Amino acid sequence: MLATLFVLGPGAADAGVAVKGGQYNGKTDQDAVSTAFRKIQFTVKKGKVVLITEPTVARGDCVSTPVFTLGGTTASKKLGGNGTFTFTHTFLGNKFDKIQGRFVSTDEVEGFAIYHFPAQDLCSAGKTRVNFTARHK
């Protein structure tokens, strides 16, 4: 019995988890941004993740503008075999804004967002990384 648990344990984790289709809602852990603007929202359907709402991220007194959902558009990516997805957008040259997530259970995603900022009066140039959690609605 112990041998069976050992074999199934790592194998099941490496294979990823079964994913529930539908809408997922969550928020980032960045307290510098009001809760209403920390929302992240996406849907999963037929192995594809569609980003509907991206979070606002702050760096100093600057806040990010939408780059993945600009003008009401959506971004979509195929769900990886290990339950992961990544949205990327070129900021400048070889710097990329990124939202990456991983299904940690059938109805929960944990991930992070990285946004780059140019030098401005209110903040210095650089990037900010925030973590998020989203659950099936």
# chains A, B, ... in the order shown; residues from 1 in each chain; ligands from 1

call {"tool": "select_by_dssp", "arguments": {"residues": "chain A", "states": "strand (DSSP E or B)", "output": "MDAnalysis selection string"}}
result
chainID A and resid 22:28 39:45 48:53 58:59 62:63 75:78 84:92 95:105 108:117 126:136

call {"tool": "residues_around", "arguments": {"residues": "His89 in chain A", "least_positions_apart": "5", "cutoff": "10 Å", "atoms": "only C-alpha atoms", "output": "list in words"}}
result
Val67, Phe68, Lys95, Phe96, Asp97, Lys98, Ile99 and Tyr115 of chain A

call {"tool": "residues_around", "arguments": {"residues": "range 48-56 of chain A", "least_positions_apart": "2", "cutoff": "6 Å", "atoms": "only C-alpha atoms", "output": "ChimeraX atom specification"}}
result
/A:37-46,64,74-79

call {"tool": "residues_around", "arguments": {"residues": "Arg102 in chain A", "least_positions_apart": "2", "cutoff": "7 Å", "atoms": "only C-alpha atoms", "output": "PyMOL selection string"}}
result
chain A and resi 83-85+104+109-111

call {"tool": "write_last_selection", "arguments": {"atoms": "all heavy atoms", "output": "short mmCIF file (atom, residue, chain, number, x, y, z; two decimals), in the first residue's frame"}}
result
data_model
loop_
_atom_site.label_atom_id
_atom_site.label_comp_id
_atom_site.auth_asym_id
_atom_site.auth_seq_id
_atom_site.Cartn_x
_atom_site.Cartn_y
_atom_site.Cartn_z
N GLY A 83 -1.09 22.32 -16.25
CA GLY A 83 -2.03 23.23 -15.61
C GLY A 83 -1.54 24.65 -15.50
O GLY A 83 -1.96 25.40 -14.63
N THR A 84 -0.65 25.07 -16.40
CA THR A 84 -0.11 26.43 -16.35
C THR A 84 -0.51 27.23 -17.59
O THR A 84 -0.84 26.67 -18.63
CB THR A 84 1.43 26.43 -16.27
OG1 THR A 84 1.95 25.79 -17.43
CG2 THR A 84 1.91 25.72 -15.01
N PHE A 85 -0.47 28.54 -17.45
CA PHE A 85 -0.70 29.44 -18.58
C PHE A 85 0.12 30.70 -18.35
O PHE A 85 0.42 31.07 -17.22
CB PHE A 85 -2.19 29.79 -18.74
CG PHE A 85 -2.81 30.44 -17.54
CD1 PHE A 85 -2.80 31.82 -17.39
CD2 PHE A 85 -3.41 29.68 -16.56
CE1 PHE A 85 -3.37 32.43 -16.28
CE2 PHE A 85 -3.99 30.27 -15.44
CZ PHE A 85 -3.97 31.64 -15.31
N VAL A 104 -3.64 24.93 -8.89
CA VAL A 104 -3.15 24.18 -7.74
C VAL A 104 -4.20 23.20 -7.24
O VAL A 104 -3.90 22.34 -6.41
CB VAL A 104 -2.70 25.12 -6.60
CG1 VAL A 104 -1.47 25.93 -7.03
CG2 VAL A 104 -3.82 26.04 -6.15
N VAL A 109 -6.46 28.82 -8.78
CA VAL A 109 -5.24 29.19 -9.51
C VAL A 109 -4.41 30.11 -8.63
O VAL A 109 -4.93 31.02 -7.99
CB VAL A 109 -5.59 29.93 -10.82
CG1 VAL A 109 -4.34 30.40 -11.53
CG2 VAL A 109 -6.43 29.06 -11.72
N GLU A 110 -3.11 29.87 -8.61
CA GLU A 110 -2.17 30.80 -7.97
C GLU A 110 -1.20 31.26 -9.04
O GLU A 110 -0.85 30.49 -9.93
CB GLU A 110 -1.41 30.10 -6.84
CG GLU A 110 -2.27 29.75 -5.66
CD GLU A 110 -1.51 29.05 -4.56
OE1 GLU A 110 -0.33 28.68 -4.76
OE2 GLU A 110 -2.09 28.86 -3.48
N GLY A 111 -0.79 32.51 -8.96
CA GLY A 111 0.13 33.01 -9.96
C GLY A 111 0.68 34.36 -9.61
O GLY A 111 0.59 34.82 -8.47
#

call {"tool": "atom_distance", "arguments": {"atom1": "CA of Pro118 in chain A", "atom2": "CA of Thr69 in chain A"}}
result
19.6 Å

call {"tool": "atom_distance", "arguments": {"atom1": "CA of Thr65 in chain A", "atom2": "CA of Ala134 in chain A"}}
result
20.7 Å

call {"tool": "closest_residue", "arguments": {"among": "A:Ala32, A:Gly93, A:Gly22, A:Gly126", "to": "Asp61 in chain A", "atoms": "only C-alpha atoms"}}
result
A:Ala32

call {"tool": "closest_residue", "arguments": {"among": "A:Thr128, A:Ser34, A:Thr133, A:Gln100", "to": "His116 in chain A", "atoms": "only C-alpha atoms"}}
result
A:Thr128

call {"tool": "closest_residue", "arguments": {"among": "A:Cys123, A:Arg135, A:Val57, A:Ile114", "to": "Ala36 in chain A", "atoms": "only C-alpha atoms"}}
result
A:Val57
